[in-house]
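Trainee: Structure provided below as structure tokens; questions to follow.
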Amino acid sequence: MVHLRKGLVLAMLLSTAAPAFAQSRVLVFNSNASDPAPKAAFEQLVADFEAENPEIDVQVNTFDHEGYKTAIRNFLTADAPDVVFWFAGNRMRPFVDAGQFMDVSDVWAEHGLTDSLSSTLSAMTIDDKQWGVPFTYYQWGVYMNRDVYAQVGVEPADTWEGFLANCEAFKAAGIDCLTTGSKALWPVAGLFDYLSLRTNGYDWHMQLTNGEIPWTDDSVRAVFAEFEKVLPYVSANHAAIDWQDAVSNLVQGKAANYVMGNFAVASFKDGGMTDDSLGFMSFPTINPDIPRAEEAPTDTLHIPAGAKNPDDAKLFLAFAARPDVQTTLNAALGQLPVNAEATVGDDPFLQAGFEMLSTAEGGIAQFFDRDAPPEMAKAGMEGFQEFMVRPERLDAILDRLERQRQRVYAQ
Amino acid sequence: MTALPHPAPPPATVPRARRSRRQLTPWLFLAPGLLMFSVYVIIPIFQSIWVSFHDWDGLGAMRWIGLANYSELWWDEAFYTSLKNNIIWLALYLLAVPAGLMIALFLNQTVRGIRIYKSLFFFPFVISQVVVGLIFSWFYAPGFGLFYALIEWVTGTGVALLADERYVTYGIIAAGLWPQIAYCMILYLTGLNAVAPDQIEAARLDGAKGWRMLWHVVLPQLRPATFIAVVVTVIGALRSFDLVSIMTSGGPFGSSRVLSYYMYEQALSEYGYRMGYGAAIAVVLFGIMMIFISGFIWKMWRDEKGA
Amino acid sequence: MFPRPIQTMSPAAQRTYKIVLPIMLILWLLPLLGVAMTSVRPSGDLAAGNYFGIPSRLAFENYADVFRNSPLAQYLWNSFRITIPVMFGAVALSCLTGFALAVYKFRLSLLVFFMFVAGNFVPFQILMVPVRDLTVDLGLYNTITGLALFHIAFQTGFCTLFMRNFIKALPRELIEAARVEGVTEWQIFWHIVLPLVRPAIAALSVLVFTFIWNDYFWAMVLTTGASTQPVTAGLNSLNGQWIAAWHLVSAGSILAALPPVLMFFMMQRHFIAGLTLGAVK
């Protein structure tokens, strides 16, 4: 039936002629860098690669940042390019499981990447094989308005008790201690991840996101118990606003702290904050016995299984993994290079992030929606948001997440 | 059209070849439209039902799982939230019918400039739902929305309507009612134009006026308009997708989902690629809609036979 | 006439009516007026908290900004590239189907007709997975052709319902007389029926234009990028970028709403005739 339909519609399309270039070494690269700065950074990367390999012609297809997440499903099966942009961790698992990504362990072995990219090795490995090459990451942490701290007369605290005590002081001054905008859900996942990493540690957090711990377990409740302590100090109406709206809360001094990714620094500075008024610190310690782990989502390049030019695609991946290339690319992106031999830009927040990540002995998590499988991620983030608005529903939320866990990981 | 003479039956002597060509002709005219419509509308309905019995992520092979998607729906709270919201949508959306009638009665006068007034009252209907959603998002926005400011002015504290699970669905429905009332209004204005003046005058002489006149004399004559208004409103309510997607994406924590949005979320959104489960939700929605479609078809069939 | 003409009422009632009418209109259009006002408010006003007062000046540069800093012009152009072919395609197909179903008496006629009617009312979601799949398989995913083909097919349902009833109401003698003269069926369609259904073609064209221009769901399902998405889906992604920039969101919204609104005011009679088909017996 389906074939018949296709035939019929094809017959209707009398005039569809696709242009076919007969050049020997074309490399097709599908990118999601639709915003101006990343787009320019990638154009530079491609130009540098072509300069070194003049016989290869790289064709870049740029997709809208959000649309890319749906589009990749289609082009991987229908019309595979040679290199695609994607994310590390469980976020790449559906494509690996479906056989859509190519095993690139040979690239890692040949260029010694297991050493130079060691920090993300585990996030790139499924079934003892590597499925892509990371080229950038950025830290998460607590961004703060120093002027507000000075105004209330408290110092940033590196322990959870100290942080909560500060919150009490901010509340007395009519300032939101912690702001966020949860309309798009994901900002609250950063908050949960840190509470989880600080309460039970990296290994436990990975077990949780891998579905090995029941959501109704007491260890999970311990995380939510810490979560509940900060709820009275979180901006009201956070469910109605986006992360950029919450940026204005911090900029305007209506809020003191914001758990965010480093990409928000540009927005803080657009709003008028400077390197002096904007502060950054690692998320406060909850259990001092647990080695400090951090959160740093990694962006990656992969070769689709259906790539027409896999050899040159591997050249491109090896190129993007090189320390000098990552230095240039990340300077343009305003993010951190993954390669340990690369140089970090001299922006103070990048420097602080680099320092923080390279001393995180506990481990580096990707992000809730990259560490957990997509369906679990969605259910989890919805649960976190609901908990923040209705903490009394914790039991019902955890029961629901546990049912999701049993279904999602059983597959 | 009942007055038209019936075409004479073709004489029995018509050669067989010509008769079969006569029979073929309508199908030749139908072919292109019927082909397109079958390929893109009729066949996909059955394919969706087929897909709903499978586990499929859109990438790999489909796996037959029988009724498992449906039994999962049975236990899925989000499904019931969506279903409940769809029922609220249906019930409240139908208010567009009496509201449209009221505005139509209000505007059914012949003062200067009334035509312009009628057009201006109607034109929210031609605006895309995306724009309507954005307009009302601004209207409700905490801090600087007009509605938020009004509530704050009256009660002292503003309500972030779209972030409160208690009100969010009603807030979206209110946005949807705006164009829908305009649609019902135009149906009734057209209907009122055709109301027989002699019957009204006769009823007036009998002393009928106001509500009694409306209920016993005018409304029966407006029945065709009412029928269409109810049909388009029911279908509009069950199809509600655009406003939910634009205004809340189903949030906060899924409390403003409706079946059509939940289906899209499961099958195509960033975090879900469960084509089979999505198809099962669509089949349920289709089943609900079939009740109304069957009613509509049944009435049309009766009219055709009567004509 | 019902209700009673206002002219037959007391002068006080007449005066009240004339005052209430514009007030009702302003209340009715309040959200829209608010957005129109926001679209010409300078961003400085918003930053300073002047959300509802008189704008400090009329900032028409917001509109220029929208075109300069976003692909809105491309989105609008895409909308036209989708809408206009669909308008021609759906109306042309339905002239043929409507003619077939109205003029010929054959066994399956009513069944085929009801299939068009019923298909026209199904929830889009039940078509989504297979239609998306078909479009991907044809290599038409994320193309204007792919989106337009679906729209033509789907709109044919509604247009057939309309055309068939319109042609059915034409005097049958014309067709019978032509048949006796030995005119071929195609010539009957082309030279006799088509000129008579011109009003129906006009009404359907404006309706289809509006429906397709305003479509959002299928644009989200079948297209992804700025090179193909129509303005509805485009506004959705711009809304994600223009957070807290309500002056831009408002200006973009007004621009996206403009073409169907203009179409409506220019073709009002046809538009309403099409929409209210069947509202009167």
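Chain labels follow the order of the structure tokens: the first chain is A, the next B, and so on; residue numbering restarts at 1 in every chain, and ligands are counted from 1 in their shown order.
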Write out as a PDB file with N, CA and C atoms, in the first residue's frame every residue belonging to chain C that has an atom at most 6 Å from any atom of chain B, counting only C-alpha atoms.
Mentor:
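Resulting contents of iface25.pdb:
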ATOM      1  N   MET C   1     -38.145  42.280  10.886  1.00  0.00           N
ATOM      2  CA  MET C   1     -36.753  42.343  11.331  1.00  0.00           C
ATOM      3  C   MET C   1     -36.674  42.147  12.833  1.00  0.00           C
ATOM      4  N   PRO C   5     -36.083  47.496  14.870  1.00  0.00           N
ATOM      5  CA  PRO C   5     -35.137  48.555  14.451  1.00  0.00           C
ATOM      6  C   PRO C   5     -35.063  49.643  15.509  1.00  0.00           C
ATOM      7  N   LEU C  93      -8.891  21.627  -8.396  1.00  0.00           N
ATOM      8  CA  LEU C  93      -9.293  20.231  -8.182  1.00  0.00           C
ATOM      9  C   LEU C  93     -10.757  20.139  -7.784  1.00  0.00           C
ATOM     10  N   LEU C  96     -13.397  20.342 -10.497  1.00  0.00           N
ATOM     11  CA  LEU C  96     -13.582  19.055 -11.177  1.00  0.00           C
ATOM     12  C   LEU C  96     -14.421  18.100 -10.328  1.00  0.00           C
ATOM     13  N   THR C  97     -14.033  17.951  -9.068  1.00  0.00           N
ATOM     14  CA  THR C  97     -14.766  16.993  -8.230  1.00  0.00           C
ATOM     15  C   THR C  97     -16.189  17.471  -7.980  1.00  0.00           C
ATOM     16  N   ALA C 100     -18.277  16.734 -10.954  1.00  0.00           N
ATOM     17  CA  ALA C 100     -18.583  15.311 -11.078  1.00  0.00           C
ATOM     18  C   ALA C 100     -19.679  14.894 -10.104  1.00  0.00           C
ATOM     19  N   GLN C 125      -4.183  15.447  13.754  1.00  0.00           N
ATOM     20  CA  GLN C 125      -3.197  14.593  14.416  1.00  0.00           C
ATOM     21  C   GLN C 125      -3.222  13.169  13.892  1.00  0.00           C
ATOM     22  N   ILE C 126      -4.405  12.712  13.450  1.00  0.00           N
ATOM     23  CA  ILE C 126      -4.460  11.334  12.985  1.00  0.00           C
ATOM     24  C   ILE C 126      -3.737  11.193  11.640  1.00  0.00           C
ATOM     25  N   LEU C 127      -3.525  12.313  10.962  1.00  0.00           N
ATOM     26  CA  LEU C 127      -2.814  12.238   9.683  1.00  0.00           C
ATOM     27  C   LEU C 127      -1.316  12.478   9.855  1.00  0.00           C
ATOM     28  N   PRO C 130       1.674   9.468   9.362  1.00  0.00           N
ATOM     29  CA  PRO C 130       1.823   8.971   7.996  1.00  0.00           C
ATOM     30  C   PRO C 130       2.166  10.061   6.970  1.00  0.00           C
ATOM     31  N   ALA C 153      -4.301  18.809  -1.065  1.00  0.00           N
ATOM     32  CA  ALA C 153      -5.112  17.605  -0.881  1.00  0.00           C
ATOM     33  C   ALA C 153      -6.159  17.835   0.199  1.00  0.00           C
ATOM     34  N   ASN C 214      -2.921  31.025   7.675  1.00  0.00           N
ATOM     35  CA  ASN C 214      -2.941  30.906   9.131  1.00  0.00           C
ATOM     36  C   ASN C 214      -2.537  29.532   9.635  1.00  0.00           C
ATOM     37  N   SER C 253       3.755  40.365  14.886  1.00  0.00           N
ATOM     38  CA  SER C 253       2.407  39.807  14.866  1.00  0.00           C
ATOM     39  C   SER C 253       1.502  40.599  13.924  1.00  0.00           C
ATOM     40  N   ALA C 257      -0.382  39.285  10.514  1.00  0.00           N
ATOM     41  CA  ALA C 257      -1.843  39.261  10.414  1.00  0.00           C
ATOM     42  C   ALA C 257      -2.340  40.071   9.226  1.00  0.00           C
ATOM     43  N   THR C 276     -20.483  31.500   5.352  1.00  0.00           N
ATOM     44  CA  THR C 276     -21.818  31.294   5.901  1.00  0.00           C
ATOM     45  C   THR C 276     -22.641  30.382   5.000  1.00  0.00           C
ATOM     46  N   ALA C 279     -25.715  28.532   6.234  1.00  0.00           N
ATOM     47  CA  ALA C 279     -26.299  29.142   7.421  1.00  0.00           C
ATOM     48  C   ALA C 279     -27.732  29.584   7.142  1.00  0.00           C
ATOM     49  N   VAL C 280     -28.073  29.695   5.873  1.00  0.00           N
ATOM     50  CA  VAL C 280     -29.434  30.069   5.487  1.00  0.00           C
ATOM     51  C   VAL C 280     -29.971  28.963   4.592  1.00  0.00           C
TER      52      VAL C 280
END
Trainee: Can you list, as a list of chain:residue names, every protein, DNA or RNA residue that comes within 10 Å of range 40-47 of chain C when you count only C-alpha atoms, leaving out same-chain residues fewer than 4 positions away?
Mentor: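 So, after excluding close chain neighbours, the residues are B:Phe144, C:Val35, C:Ala36, C:Tyr51, C:Phe52, C:Gly53, C:Ile54, C:Pro55, C:Ser56, C:Arg57, C:Leu58, C:Ala59, C:Phe60, C:Glu61, C:Asn62, C:Tyr63, C:Ala244, C:Ala245, C:Trp246, C:His247, C:Leu248, C:Ser250, C:Ala251.
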Trainee: Give me the chain C side of the contact with chain A, cut-off 9 Å, one line per residue showing its nearest atom pair and distance in Å at one decimal, counting only C-alpha atoms, sorted by chain and residue number, as JSON lines.
Mentor:
{"residue": "C:Leu134", "atom": "CA", "partner": "A:Lys6", "partner_atom": "CA", "distance": 7.2}
{"residue": "C:Val136", "atom": "CA", "partner": "A:Ala78", "partner_atom": "CA", "distance": 6.7}
{"residue": "C:Asp137", "atom": "CA", "partner": "A:Ala78", "partner_atom": "CA", "distance": 6.9}
{"residue": "C:Leu138", "atom": "CA", "partner": "A:Lys6", "partner_atom": "CA", "distance": 7.0}
{"residue": "C:Gly139", "atom": "CA", "partner": "A:Ala78", "partner_atom": "CA", "distance": 7.2}
{"residue": "C:Tyr141", "atom": "CA", "partner": "A:Asn74", "partner_atom": "CA", "distance": 7.9}
{"residue": "C:Asn142", "atom": "CA", "partner": "A:Ala71", "partner_atom": "CA", "distance": 8.4}
{"residue": "C:Met220", "atom": "CA", "partner": "A:Gly67", "partner_atom": "CA", "distance": 8.9}
{"residue": "C:Thr223", "atom": "CA", "partner": "A:Gly67", "partner_atom": "CA", "distance": 8.4}
{"residue": "C:Thr224", "atom": "CA", "partner": "A:Gly67", "partner_atom": "CA", "distance": 4.9}
{"residue": "C:Gly225", "atom": "CA", "partner": "A:Asp64", "partner_atom": "CA", "distance": 5.4}
{"residue": "C:Ala226", "atom": "CA", "partner": "A:Asp64", "partner_atom": "CA", "distance": 7.1}
{"residue": "C:Ser237", "atom": "CA", "partner": "A:Glu66", "partner_atom": "CA", "distance": 8.0}
{"residue": "C:Gly240", "atom": "CA", "partner": "A:Asp242", "partner_atom": "CA", "distance": 8.9}
{"residue": "C:Ile243", "atom": "CA", "partner": "A:Gln244", "partner_atom": "CA", "distance": 6.5}
{"residue": "C:Ala244", "atom": "CA", "partner": "A:Asp245", "partner_atom": "CA", "distance": 6.4}
Trainee: So that I have them on file, write out the residues from the current selection with N, CA and C atoms, as an mmCIF file, in the first residue's frame.
Mentor:
data_model
loop_
_atom_site.group_PDB
_atom_site.id
_atom_site.type_symbol
_atom_site.label_atom_id
_atom_site.label_comp_id
_atom_site.auth_asym_id
_atom_site.auth_seq_id
_atom_site.Cartn_x
_atom_site.Cartn_y
_atom_site.Cartn_z
ATOM 1 N N LEU C 134 5.384 10.029 4.619
ATOM 2 C CA LEU C 134 5.263 10.059 3.161
ATOM 3 C C LEU C 134 6.108 11.199 2.606
ATOM 4 N N VAL C 136 8.705 12.667 3.947
ATOM 5 C CA VAL C 136 10.135 12.354 4.078
ATOM 6 C C VAL C 136 10.554 11.378 2.976
ATOM 7 N N ASP C 137 9.735 10.347 2.758
ATOM 8 C CA ASP C 137 10.078 9.341 1.744
ATOM 9 C C ASP C 137 10.147 9.937 0.350
ATOM 10 N N LEU C 138 9.312 10.930 0.094
ATOM 11 C CA LEU C 138 9.320 11.545 -1.239
ATOM 12 C C LEU C 138 10.466 12.541 -1.390
ATOM 13 N N GLY C 139 11.215 12.751 -0.322
ATOM 14 C CA GLY C 139 12.291 13.742 -0.374
ATOM 15 C C GLY C 139 11.753 15.156 -0.353
ATOM 16 N N TYR C 141 10.440 16.567 2.505
ATOM 17 C CA TYR C 141 10.422 17.124 3.856
ATOM 18 C C TYR C 141 11.186 18.432 3.863
ATOM 19 N N ASN C 142 10.642 19.413 4.591
ATOM 20 C CA ASN C 142 11.257 20.732 4.658
ATOM 21 C C ASN C 142 11.360 21.396 3.290
ATOM 22 N N MET C 220 4.683 23.303 11.319
ATOM 23 C CA MET C 220 5.573 22.770 12.352
ATOM 24 C C MET C 220 5.962 21.324 12.048
ATOM 25 N N THR C 223 8.015 21.405 8.041
ATOM 26 C CA THR C 223 9.145 22.278 7.702
ATOM 27 C C THR C 223 9.946 22.599 8.959
ATOM 28 N N THR C 224 11.209 22.971 8.778
ATOM 29 C CA THR C 224 12.017 23.273 9.965
ATOM 30 C C THR C 224 12.742 24.609 9.923
ATOM 31 N N GLY C 225 13.129 25.093 8.774
ATOM 32 C CA GLY C 225 14.040 26.235 8.785
ATOM 33 C C GLY C 225 13.457 27.504 8.204
ATOM 34 N N ALA C 226 14.217 28.590 8.321
ATOM 35 C CA ALA C 226 13.755 29.886 7.838
ATOM 36 C C ALA C 226 13.590 29.906 6.325
ATOM 37 N N SER C 237 9.209 30.800 16.274
ATOM 38 C CA SER C 237 10.622 30.734 16.631
ATOM 39 C C SER C 237 11.173 32.128 16.956
ATOM 40 N N GLY C 240 10.643 32.940 20.459
ATOM 41 C CA GLY C 240 11.664 32.379 21.341
ATOM 42 C C GLY C 240 12.888 33.272 21.446
ATOM 43 N N ILE C 243 12.416 37.250 23.502
ATOM 44 C CA ILE C 243 11.881 37.265 24.853
ATOM 45 C C ILE C 243 12.085 38.646 25.450
ATOM 46 N N ALA C 244 11.039 39.152 26.094
ATOM 47 C CA ALA C 244 11.081 40.459 26.745
ATOM 48 C C ALA C 244 11.181 41.600 25.751
#
Trainee: Restrict the distance test to only C-alpha atoms, flag each residue of chain A within 7 Å of chain B, and return the flagged residues as a PyMOL selection string.
Mentor: chain A and resi 5+69-70+98+237+239-240+374-375+378+382-383+385-386
Trainee: Find the spatial neighbours of Ile397 in chain A, counting only C-alpha atoms, within a cut-off of 12 Å - ignore same-chain residues fewer than 4 positions away - and output them as a list of chain:residue names.
Mentor: A:Trp215, A:Thr216, A:Val220, A:Arg221, A:Phe224, A:Ala379, A:Gly380, A:Met381, A:Glu382, A:Gly383, A:Phe384, A:Gln385, A:Glu386, A:Phe387, A:Met388, A:Val389, A:Arg390, A:Pro391, A:Glu392, A:Arg393, A:Leu401, A:Glu402, A:Arg403, A:Gln404, B:Glu77, B:Phe253
Trainee: For the residues in the current selection, export C-alpha atoms as a short mmCIF file (atom, residue, chain, number, x, y, z; two decimals), in the first residue's frame.
Mentor:
data_model
loop_
_atom_site.label_atom_id
_atom_site.label_comp_id
_atom_site.auth_asym_id
_atom_site.auth_seq_id
_atom_site.Cartn_x
_atom_site.Cartn_y
_atom_site.Cartn_z
CA TRP A 215 12.69 7.50 42.09
CA THR A 216 10.83 6.53 45.25
CA VAL A 220 16.09 10.64 45.97
CA ARG A 221 13.94 12.08 48.74
CA PHE A 224 14.26 16.87 47.26
CA ALA A 379 9.02 13.69 32.66
CA GLY A 380 11.72 14.56 35.20
CA MET A 381 11.89 18.25 34.34
CA GLU A 382 8.12 18.53 34.46
CA GLY A 383 8.22 16.90 37.88
CA PHE A 384 10.89 19.34 39.11
CA GLN A 385 8.81 22.30 37.97
CA GLU A 386 5.68 20.92 39.60
CA PHE A 387 7.60 20.28 42.82
CA MET A 388 8.81 23.88 42.86
CA VAL A 389 5.24 25.14 42.60
CA ARG A 390 3.54 22.42 44.68
CA PRO A 391 6.11 20.83 47.02
CA GLU A 392 3.32 19.04 48.91
CA ARG A 393 2.79 16.79 45.88
CA LEU A 401 8.60 9.36 37.76
CA GLU A 402 9.13 5.83 39.05
CA ARG A 403 6.48 4.50 36.67
CA GLN A 404 8.20 6.38 33.83
CA GLU B 77 -2.19 10.73 34.12
CA PHE B 253 4.01 21.00 34.26
#
Trainee: Looking only at strand (DSSP E) from DSSP on the backbone, list the matching residues of range 26-89 of chain B as a PyMOL selection string.
Mentor: chain B and resi 54-55+63-64
Trainee: Got time to write the residues from that selection, C-alpha atoms, as a PDB file, in the first residue's frame?
Mentor:
ATOM      1  CA  HIS B  54       3.340  -0.604  17.265  1.00  0.00           C
ATOM      2  CA  ASP B  55       6.290   0.652  19.200  1.00  0.00           C
ATOM      3  CA  ARG B  63       7.632  -3.469  16.554  1.00  0.00           C
ATOM      4  CA  TRP B  64       4.133  -4.952  16.940  1.00  0.00           C
TER       5      TRP B  64
END
Trainee: Ile56 in chain A: which residues within 8 Å, counting only C-alpha atoms, same-chain residues fewer than 5 positions away excluded, as an NGL selection string?
Mentor: :A and (25-27 or 50 or 312)
Trainee: As a ChimeraX atom specification, list the residues of range 5-250 of chain C assigned to alpha helix (DSSP H) by DSSP on the backbone atoms of this structure.
Mentor: /C:11-28,30-39,43-47,61-69,72-103,109-121,125-137,144-168,172-180,185-187,194-196,198-213,217-222,231-241,246-250
